[in-house]
Each structure stands twice: as structure tokens, then as C-alpha cells.
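Colleague: Supplied in C-alpha cells, the structure appears directly below.
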Amino acid sequence: MSGVPILRSRTDLQTAVLGWKAAGEVVGVVPTMGALHQGHLSLVRAAKEVCDRVVVTLFVNPKQFNNPEDLENYPRTEEGDAAKLAPFKVDVLYVPDGAQMYPDGFATTVSVAGLTNVLCGAHRPGHFDGVATVVTKLFLQSGADKAFFGEKDYQQLQVVRRLARDLDIPVEVVGCPTIREEDGLAMSSRNLLLSDRARIPAPMLHEVMQDVAEGLSRGKAFGELKAAAEARILRAGFTEMDYFDLRACDDLSVLDTPDRPARLLAAAWLAGVRLIDNIAVPPRLD
Ligand code: AMP
């Protein structure tokens with residue numbers, strides 16, 4: 001027994017939340033696909049700090065996988081996840097199944113225009129429609145006042161902010177910093193899929209991004225740095241870059257110099273595993 005109350009039905013979740021809200025309690029939700037690591041747990045910690053009640057959701061959302069093999073290989077570790085949550089005393093671990101989320105006849109898609117046709121959206125057709133649809137459902141099912149998402153998935157964070165605003169969902173979306181391994185690799189459930197050998201060059205993605213950020217802060221344009229940076233990542237053992245861009249934080253438009261709040265974002269393949277990362281770039285106002 002993990003000690004964390006697990007609910008599998010939407011109506012049970014809604015009943016619990018209605019009771020809390022009637023008592024004037026602030027409810028937070030932390031949506032995850034499980035295989036929990038310190039990155040996820042940092043969101044739980046952030047939620048516990050500012051909410052009276054915290055619901056963690058665990059659902060490997062088939063609609064956001066554009067590749068059936070990726071969906072099949074995605075790690076599923078519910079028991080271990082519940083054990084990791086126990087010390088945080090979360091109020092509910094909500095684990096709906098596919099039929100609960102997408103019953104027969106389910107026909108609605110939430111689609112956020114603009115923000116979703118670049119970066120990961122350009123390489124994973126349908127991915128952000130799947131994310132937007134499930135997150136909208138989780139917001140409505142949980143009735144949460146606050147929702148906690150990682151900056152690790154920066155484009156996702158901006159998409160979720162946009163949909164909450166556009167659909168008048170009364171939830172505050174809180175972005176939390178990326179948690180990294182000691183060598184700089186951003187924590188990700190997908191890191192479990194890397195062999196010991198493939199794990200060695202994995203932190204190069206972040207290291208190169210940091211060097212590019214430093215080059216930008218010294219006055220170089222991104223266009224002067226990009227090709228050499230990509231070549232370094234590939235030389236380290238990555239097999240393919242999906243993208244390596246400098247983009248504006250708010251609308252994700254392409255930049256060559258960080259003359260407004262900007263982020264470097266990258267996605268690259270290592271031994272058949274797709275890794276993504278992003279870092280803030282200090283604005284240069286000269
Ligand atoms: P996932 O289970 O991969 O869908 O992630 C669930 C949530 O955890 C998302 O909001 C992610 O952005 C967040 N997350 C994943 N990895 C990290 C990390 N290394 N640091 C902070 N948040 C993370």
C-alpha cells in the first residue's frame with residue numbers, strides 16, 4: 001500500500017473536488033504521464049506550497065503520441081509512482097483509463113493555432129492537439145484553481161497557457177523550472193530508455209545550448225552560432241537534430257538576437273530516443 005488515495009473514475013474525482021471547493025480550499029493539479037522523477041516531484045512540491053489540496057494525474061495519453069511504437073514503449077510504473085508521491089501527502093492520484101477519458105463516440109479536439117505548428121509541433125503532427133485536448137479535460141474534470149507544468153516542455157507550457165486563456169478556463173497555469181541531472185541532462189521519463197552507453201553523450205545537448213547562450217550574451221547573432229553548435233551535438237553521438245532555434249518566449253517567433261525575452265530550444269535524437277531541452281537567454285538590449 002502506498003498510502004496515496006488512487007481514484008480511477010472522473011465522477012469520484014469530481015465529488016472529492018466539489019467538497020474541497022465548497023470548504024473554500026484551493027485545489028492544484030499536476031498532470032503527468034507517470035514514470036515520475038524529480039522533475040515531476042518538483043511540480044508536486046510547488047503545488048503543495050500554494051494549494052490546500054493537490055491532485056496528481058497519471059494518464060499516458062494516446063492522442064499525443066504520433067508514433068504507435070513510442071506509445072507502446074512509454075514507461076508505465078504506476079506502483080512506483082504512487083510510492084514516490086507518498087511522502088508528499090498528495091490528496092489524490094487520479095489514474096483514469098482510456099475509456100474514462102475517451103469513451104466511445106468521443107469526437108472533440110482542442111487545437112491551438114499558431115503556437116503548435118513550429119518546433120515539436122512541426123515534427124510530431126497532432127501531438128499538441130492531443131496535449132490540448134487531454135489538458136482541457138483534466139482542467140475541467142479536476143476543477144483545479146492552479147495547474148503546474150514544467151518549463152522542460154516549454155512549447156507545451158505556452159500552449160496550455162493559451163488554451164486556458166482562450167477557453168476562459170478559470171485556472172492559473174504555473175510554470176516551474178527544469179530539474180536536471182548533475183551533469184546537466186534535463187530529467188525526462190524518456191531518459192529511462194537510454195542505454196548506459198547512450199546516456200554518456202546525452203548532457204552534450206544542454207552543454208552546447210549553454211555555450212550558445214553565452215555566445216549570444218557576448219553579442220553574436222544566433223545565425224553565426226547555430227551550424228557549429230549542431231555539428232558539435234552530432235559529433236557527440238546524436239544522430240539527428242529535429243530543431244535548434246532561438247525563439248521569443250511569448251509567441252515562439254524566430255529570433256536572431258535576443259532583443260526580447262528569448263529561449264533556445266532544441267530537439268535531437270540519441271540512440272532512437274528523442275530528447276528535448278530549452279534554456280532562457282538573457283535579453284540583449286543594445
Ligand atoms: P510528462 O509526464 O513528461 O508528461 O510531464 C509531466 C509534467 O512534468 C510536465 O508539465 C512536464 O513539463 C514536467 N516535467 C517533465 N520533466 C521535467 C523536468 N526535468 N523538470 C521540471 N518539470 C518537468
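Chain labels A, B, ... are given in the sequence in which chains occur in the C-alpha cells; within each chain residues are numbered consecutively from 1, and ligands are likewise numbered from 1 in the order shown.
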Can you tell me which residues come within 7 Å of ligand 1 when counting only C-alpha atoms and all ligand atoms, ideally as a list of chain:residue names?
Modeller: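 The residues near ligand 1 are A:Pro31, A:Thr32, A:Met33, A:Gly34, A:Ala35, A:Leu36, A:Gly39, A:His40, A:Ser42, A:Leu43, A:Phe148, A:Phe149, A:Gly150, A:Glu151, A:Lys152, A:Asp153, A:Cys176, A:Pro177, A:Thr178, A:Ile179, A:Arg180, A:Ala186, A:Met187, A:Ser188, A:Ser189.
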Colleague: Give me a file of those residues, with N, CA, C and O atoms, as a CSV table (one decimal), in the first residue's frame.
Modeller:
```
chain,number,residue,atom,x,y,z
A,31,PRO,N,-0.6,17.5,-13.9
A,31,PRO,CA,-0.8,16.5,-14.9
A,31,PRO,C,0.5,15.8,-15.3
A,31,PRO,O,1.5,16.5,-15.5
A,32,THR,N,0.5,14.5,-15.3
A,32,THR,CA,1.7,13.8,-15.7
A,32,THR,C,1.3,12.5,-16.5
A,32,THR,O,0.2,12.1,-16.5
A,33,MET,N,2.4,12.0,-17.2
A,33,MET,CA,2.2,10.7,-17.8
A,33,MET,C,2.9,9.6,-17.0
A,33,MET,O,3.2,8.5,-17.5
A,34,GLY,N,3.3,9.9,-15.8
A,34,GLY,CA,3.9,8.9,-14.9
A,34,GLY,C,5.4,8.7,-15.2
A,34,GLY,O,6.0,9.6,-15.7
A,35,ALA,N,5.9,7.5,-14.7
A,35,ALA,CA,7.4,7.3,-14.7
A,35,ALA,C,8.0,8.5,-14.0
A,35,ALA,O,8.9,9.2,-14.5
A,36,LEU,N,7.5,8.8,-12.8
A,36,LEU,CA,7.8,10.1,-12.1
A,36,LEU,C,9.3,10.1,-11.7
A,36,LEU,O,9.9,9.2,-11.3
A,39,GLY,N,11.8,15.8,-11.5
A,39,GLY,CA,11.2,17.0,-12.3
A,39,GLY,C,9.7,17.0,-11.9
A,39,GLY,O,9.2,18.1,-11.5
A,40,HIS,N,9.1,15.9,-12.0
A,40,HIS,CA,7.6,15.8,-11.7
A,40,HIS,C,7.4,16.2,-10.2
A,40,HIS,O,6.5,16.9,-9.9
A,42,SER,N,9.1,18.0,-8.4
A,42,SER,CA,9.3,19.5,-8.1
A,42,SER,C,8.0,20.2,-8.3
A,42,SER,O,7.7,21.2,-7.7
A,43,LEU,N,7.2,19.7,-9.3
A,43,LEU,CA,5.9,20.3,-9.6
A,43,LEU,C,5.0,20.1,-8.4
A,43,LEU,O,4.2,20.9,-8.0
A,148,PHE,N,0.1,23.0,-12.6
A,148,PHE,CA,1.6,23.1,-12.5
A,148,PHE,C,2.2,22.4,-13.7
A,148,PHE,O,2.0,21.2,-13.8
A,149,PHE,N,3.0,23.1,-14.5
A,149,PHE,CA,3.6,22.5,-15.6
A,149,PHE,C,5.1,22.8,-15.6
A,149,PHE,O,5.5,23.9,-15.1
A,150,GLY,N,5.9,22.0,-16.2
A,150,GLY,CA,7.4,22.2,-16.3
A,150,GLY,C,7.8,23.0,-17.5
A,150,GLY,O,7.3,22.9,-18.6
A,151,GLU,N,8.8,23.9,-17.2
A,151,GLU,CA,9.4,24.6,-18.4
A,151,GLU,C,10.2,23.7,-19.3
A,151,GLU,O,10.5,24.1,-20.4
A,152,LYS,N,10.5,22.5,-18.8
A,152,LYS,CA,11.1,21.5,-19.6
A,152,LYS,C,10.4,21.3,-21.0
A,152,LYS,O,11.1,21.2,-22.0
A,153,ASP,N,9.1,21.4,-20.9
A,153,ASP,CA,8.3,21.3,-22.1
A,153,ASP,C,7.7,22.7,-22.4
A,153,ASP,O,6.6,23.0,-22.2
A,176,CYS,N,7.1,25.9,-13.9
A,176,CYS,CA,8.2,25.6,-12.9
A,176,CYS,C,9.5,25.2,-13.6
A,176,CYS,O,9.5,24.6,-14.7
A,177,PRO,N,10.6,25.6,-13.0
A,177,PRO,CA,11.9,25.4,-13.7
A,177,PRO,C,12.3,24.0,-14.0
A,177,PRO,O,11.8,23.1,-13.3
A,178,THR,N,13.1,23.8,-15.0
A,178,THR,CA,13.5,22.4,-15.4
A,178,THR,C,14.5,21.9,-14.3
A,178,THR,O,15.5,22.5,-14.0
A,179,ILE,N,14.2,20.6,-13.9
A,179,ILE,CA,15.2,20.0,-13.0
A,179,ILE,C,16.1,19.1,-13.8
A,179,ILE,O,15.6,18.4,-14.7
A,180,ARG,N,17.4,19.1,-13.5
A,180,ARG,CA,18.4,18.4,-14.3
A,180,ARG,C,19.2,17.4,-13.4
A,180,ARG,O,19.3,17.5,-12.2
A,186,ALA,N,18.5,17.3,-18.8
A,186,ALA,CA,17.2,17.6,-18.2
A,186,ALA,C,16.5,16.2,-17.9
A,186,ALA,O,16.5,15.3,-18.7
A,187,MET,N,15.9,16.1,-16.7
A,187,MET,CA,15.3,14.9,-16.3
A,187,MET,C,14.1,14.7,-17.2
A,187,MET,O,13.3,15.6,-17.6
A,188,SER,N,13.9,13.4,-17.6
A,188,SER,CA,12.8,13.1,-18.5
A,188,SER,C,12.5,11.6,-18.3
A,188,SER,O,13.4,10.8,-18.2
A,189,SER,N,11.2,11.3,-18.4
A,189,SER,CA,10.8,9.8,-18.3
A,189,SER,C,11.5,9.1,-19.5
A,189,SER,O,11.8,7.9,-19.3
```
Colleague: Stretch 101-137 of chain A: which residues are helix (DSSP H, G or I) by DSSP, as JSON, numbers by chain?
Modeller: {"A": [101, 119, 120, 121, 122, 123, 127, 128, 129, 130, 131, 132, 133, 134, 135, 136, 137]}
Colleague: Dump all heavy atoms for the selected residues as a tab-separated table (two decimals), in the first residue's frame?
Modeller:
```tsv
chain	number	residue	atom	x	y	z
A	101	MET	N	-11.39	8.58	-20.31
A	101	MET	CA	-11.03	9.86	-20.94
A	101	MET	C	-11.66	9.99	-22.33
A	101	MET	O	-12.08	11.07	-22.72
A	101	MET	CB	-9.50	9.97	-21.07
A	101	MET	CG	-8.79	10.09	-19.74
A	101	MET	SD	-9.39	11.47	-18.75
A	101	MET	CE	-8.36	12.80	-19.33
A	119	LEU	N	8.50	24.03	-34.07
A	119	LEU	CA	9.26	23.23	-33.09
A	119	LEU	C	8.72	21.79	-33.02
A	119	LEU	O	8.62	21.13	-34.04
A	119	LEU	CB	9.23	23.92	-31.71
A	119	LEU	CG	9.81	25.36	-31.68
A	119	LEU	CD1	9.48	26.06	-30.35
A	119	LEU	CD2	11.31	25.34	-31.87
A	120	CYS	N	8.35	21.32	-31.82
A	120	CYS	CA	7.88	19.93	-31.70
A	120	CYS	C	6.62	19.71	-32.54
A	120	CYS	O	6.40	18.60	-33.05
A	120	CYS	CB	7.59	19.58	-30.24
A	120	CYS	SG	9.09	19.31	-29.28
A	121	GLY	N	5.79	20.73	-32.67
A	121	GLY	CA	4.55	20.59	-33.44
A	121	GLY	C	4.82	20.28	-34.91
A	121	GLY	O	4.07	19.53	-35.54
A	122	ALA	N	5.92	20.83	-35.44
A	122	ALA	CA	6.25	20.60	-36.85
A	122	ALA	C	6.76	19.18	-37.06
A	122	ALA	O	6.66	18.63	-38.16
A	122	ALA	CB	7.30	21.61	-37.31
A	123	HIS	N	7.32	18.59	-36.01
A	123	HIS	CA	7.92	17.26	-36.14
A	123	HIS	C	7.02	16.15	-35.61
A	123	HIS	O	7.29	14.98	-35.86
A	123	HIS	CB	9.27	17.22	-35.39
A	123	HIS	CG	10.30	18.04	-36.08
A	123	HIS	ND1	11.12	17.54	-37.06
A	123	HIS	CD2	10.60	19.35	-35.97
A	123	HIS	CE1	11.91	18.49	-37.51
A	123	HIS	NE2	11.61	19.60	-36.86
A	127	HIS	N	0.49	16.09	-32.20
A	127	HIS	CA	0.92	15.98	-30.79
A	127	HIS	C	0.24	17.02	-29.90
A	127	HIS	O	-0.35	16.69	-28.87
A	127	HIS	CB	2.44	16.12	-30.71
A	127	HIS	CG	2.96	16.29	-29.33
A	127	HIS	ND1	2.92	15.29	-28.39
A	127	HIS	CD2	3.52	17.36	-28.68
A	127	HIS	CE1	3.44	15.72	-27.25
A	127	HIS	NE2	3.80	16.98	-27.40
A	128	PHE	N	0.29	18.29	-30.32
A	128	PHE	CA	-0.25	19.33	-29.43
A	128	PHE	C	-1.77	19.35	-29.40
A	128	PHE	O	-2.36	19.82	-28.42
A	128	PHE	CB	0.34	20.71	-29.77
A	128	PHE	CG	1.75	20.85	-29.28
A	128	PHE	CD1	2.81	20.98	-30.17
A	128	PHE	CD2	2.03	20.81	-27.93
A	128	PHE	CE1	4.11	21.08	-29.72
A	128	PHE	CE2	3.34	20.91	-27.45
A	128	PHE	CZ	4.37	21.05	-28.35
A	129	ASP	N	-2.41	18.85	-30.46
A	129	ASP	CA	-3.88	18.69	-30.37
A	129	ASP	C	-4.20	17.67	-29.27
A	129	ASP	O	-5.14	17.85	-28.49
A	129	ASP	CB	-4.46	18.17	-31.70
A	129	ASP	CG	-4.54	19.26	-32.75
A	129	ASP	OD1	-4.14	20.41	-32.45
A	129	ASP	OD2	-4.99	18.97	-33.88
A	130	GLY	N	-3.41	16.62	-29.23
A	130	GLY	CA	-3.61	15.59	-28.20
A	130	GLY	C	-3.37	16.16	-26.80
A	130	GLY	O	-4.14	15.91	-25.87
A	131	VAL	N	-2.30	16.95	-26.67
A	131	VAL	CA	-1.98	17.57	-25.38
A	131	VAL	C	-3.11	18.53	-24.99
A	131	VAL	O	-3.62	18.49	-23.86
A	131	VAL	CB	-0.64	18.33	-25.45
A	131	VAL	CG1	-0.44	19.19	-24.21
A	131	VAL	CG2	0.53	17.36	-25.63
A	132	ALA	N	-3.50	19.40	-25.93
A	132	ALA	CA	-4.50	20.43	-25.62
A	132	ALA	C	-5.83	19.78	-25.24
A	132	ALA	O	-6.52	20.23	-24.31
A	132	ALA	CB	-4.68	21.37	-26.81
A	133	THR	N	-6.18	18.70	-25.91
A	133	THR	CA	-7.45	18.03	-25.64
A	133	THR	C	-7.43	17.40	-24.24
A	133	THR	O	-8.35	17.58	-23.45
A	133	THR	CB	-7.73	16.96	-26.72
A	133	THR	OG1	-7.73	17.62	-28.00
A	133	THR	CG2	-9.07	16.28	-26.50
A	134	VAL	N	-6.36	16.68	-23.94
A	134	VAL	CA	-6.34	16.00	-22.63
A	134	VAL	C	-6.20	17.00	-21.49
A	134	VAL	O	-6.82	16.84	-20.43
A	134	VAL	CB	-5.24	14.90	-22.58
A	134	VAL	CG1	-3.87	15.48	-22.28
A	134	VAL	CG2	-5.58	13.85	-21.54
A	135	VAL	N	-5.41	18.04	-21.69
A	135	VAL	CA	-5.22	19.02	-20.61
A	135	VAL	C	-6.53	19.77	-20.36
A	135	VAL	O	-6.90	20.01	-19.21
A	135	VAL	CB	-4.06	19.99	-20.95
A	135	VAL	CG1	-4.05	21.19	-20.01
A	135	VAL	CG2	-2.72	19.26	-20.87
A	136	THR	N	-7.26	20.10	-21.42
A	136	THR	CA	-8.57	20.75	-21.24
A	136	THR	C	-9.48	19.85	-20.42
A	136	THR	O	-10.13	20.29	-19.46
A	136	THR	CB	-9.21	21.05	-22.61
A	136	THR	OG1	-8.32	21.88	-23.35
A	136	THR	CG2	-10.55	21.75	-22.45
A	137	LYS	N	-9.49	18.56	-20.75
A	137	LYS	CA	-10.33	17.62	-20.00
A	137	LYS	C	-9.89	17.54	-18.53
A	137	LYS	O	-10.72	17.56	-17.63
A	137	LYS	CB	-10.29	16.23	-20.64
A	137	LYS	CG	-11.11	16.14	-21.92
A	137	LYS	CD	-11.08	14.74	-22.50
A	137	LYS	CE	-11.82	13.74	-21.65
A	137	LYS	NZ	-13.24	13.60	-21.97
```
Colleague: For atom CA of A:Gln158 and atom CA of A:Leu115, determine how far apart the two atoms are, in Å to one decimal place.
Modeller: 7.7 Å
Colleague: If you run DSSP on the backbone here, which positions in stretch 134-256 of chain A get strand (DSSP E)? Please write them as a list of chain:residue names.
Modeller: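 These are the residues in question: A:Lys146, A:Ala147, A:Phe148, A:Phe149, A:Gly150, A:Glu172, A:Val173, A:Val174, A:Gly175, A:Cys176, A:Glu240, A:Met241, A:Asp242, A:Tyr243, A:Phe244, A:Asp245, A:Leu246, A:Arg247, A:Ala248.
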Colleague: I need the residues from that last selection saved to file as a CSV table (one decimal), in the first residue's frame (with C-alpha atoms), if you can.
Modeller:
```csv
chain,number,residue,atom,x,y,z
A,146,LYS,CA,-4.0,26.2,-10.2
A,147,ALA,CA,-2.1,23.9,-12.6
A,148,PHE,CA,1.6,23.1,-12.5
A,149,PHE,CA,3.6,22.5,-15.6
A,150,GLY,CA,7.4,22.2,-16.3
A,172,GLU,CA,-3.9,29.7,-13.2
A,173,VAL,CA,-1.1,28.0,-15.1
A,174,VAL,CA,2.1,28.0,-13.1
A,175,GLY,CA,5.4,27.3,-14.9
A,176,CYS,CA,8.2,25.6,-12.9
A,240,GLU,CA,19.7,13.8,-35.9
A,241,MET,CA,18.6,17.3,-34.9
A,242,ASP,CA,14.9,18.0,-35.2
A,243,TYR,CA,15.4,21.7,-34.5
A,244,PHE,CA,17.7,24.1,-32.7
A,245,ASP,CA,16.2,27.6,-32.6
A,246,LEU,CA,16.3,30.9,-30.8
A,247,ARG,CA,12.7,32.0,-30.2
A,248,ALA,CA,10.7,34.7,-28.4
```
Colleague: Just the residues within 12 Å of A:Gly223, please, counting only C-alpha atoms, with nothing from its chain fewer than 5 positions along; format it as an MDAnalysis selection string.
Modeller: chainID A and resid 212 215:216 228:230 244:246 254:258
Colleague: Would you please work out which residue, of A:Pro282, A:Pro5, A:Pro125, A:Pro103, is nearest to A:Asn67 when using only C-alpha atoms?
Modeller: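 Answer, going by the shortest atom-to-atom distance: A:Pro125.
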Colleague: Name the residues in contact with A:Val90 at a cut-off of 9 Å, using only C-alpha atoms, excluding same-chain residues fewer than 6 positions from it; report them as a ChimeraX atom specification.
Modeller: /A:4-5,44,48,53-56
Colleague: Name the residues in contact with A:Ala23 at a cut-off of 12 Å, using only C-alpha atoms, excluding same-chain residues fewer than 6 positions from it; report them as a list in words.
Modeller: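 In the requested form, the answer reads Ala16, Val17, Asp52 and Arg53 of chain A.
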Colleague: Which of these residues is nearest to A:Val112, using only C-alpha atoms: A:Asp12, A:Glu69, A:Glu207, A:Asp166?
Modeller: A:Asp166
Colleague: Report as number ranges by chain all protein, DNA and RNA residues lying within 10 Å of A:Leu167, evaluated on only C-alpha atoms, omitting residues in the same chain fewer than 4 positions from it.
Modeller: A: 110, 136, 162-163
Colleague: Would you kindly return, as a PDB file with N, CA and C atoms, in the first residue's frame, each protein, DNA or RNA residue with an atom no farther than 7 Å from any atom of A:Ile276, considering only C-alpha atoms and excluding same-chain residues fewer than 4 positions away?
Modeller:
```
ATOM      1  N   ALA A 266      15.787  23.053 -28.343  1.00  0.00           N
ATOM      2  CA  ALA A 266      16.368  22.041 -29.217  1.00  0.00           C
ATOM      3  C   ALA A 266      15.685  20.696 -29.015  1.00  0.00           C
ATOM      4  N   ALA A 267      15.661  19.916 -30.089  1.00  0.00           N
ATOM      5  CA  ALA A 267      15.224  18.516 -30.016  1.00  0.00           C
ATOM      6  C   ALA A 267      16.180  17.711 -30.878  1.00  0.00           C
ATOM      7  N   ALA A 268      16.660  16.600 -30.346  1.00  0.00           N
ATOM      8  CA  ALA A 268      17.615  15.787 -31.094  1.00  0.00           C
ATOM      9  C   ALA A 268      17.454  14.324 -30.714  1.00  0.00           C
TER      10      ALA A 268
END
```
Colleague: Kindly indicate which residue among A:Val273, A:Met209, A:Val159, A:Cys249 lies nearest to A:Ser195, using only C-alpha atoms for the distances.
Modeller: A:Val273
Colleague: Under the rule that only C-alpha atoms are counted, which of A:Ala262, A:Leu270, A:Ile233, A:Ala144 is the nearest residue to A:Leu194?
Modeller: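 Comparing A:Ala262, A:Leu270, A:Ile233, A:Ala144 against A:Leu194, the winner is A:Leu270.
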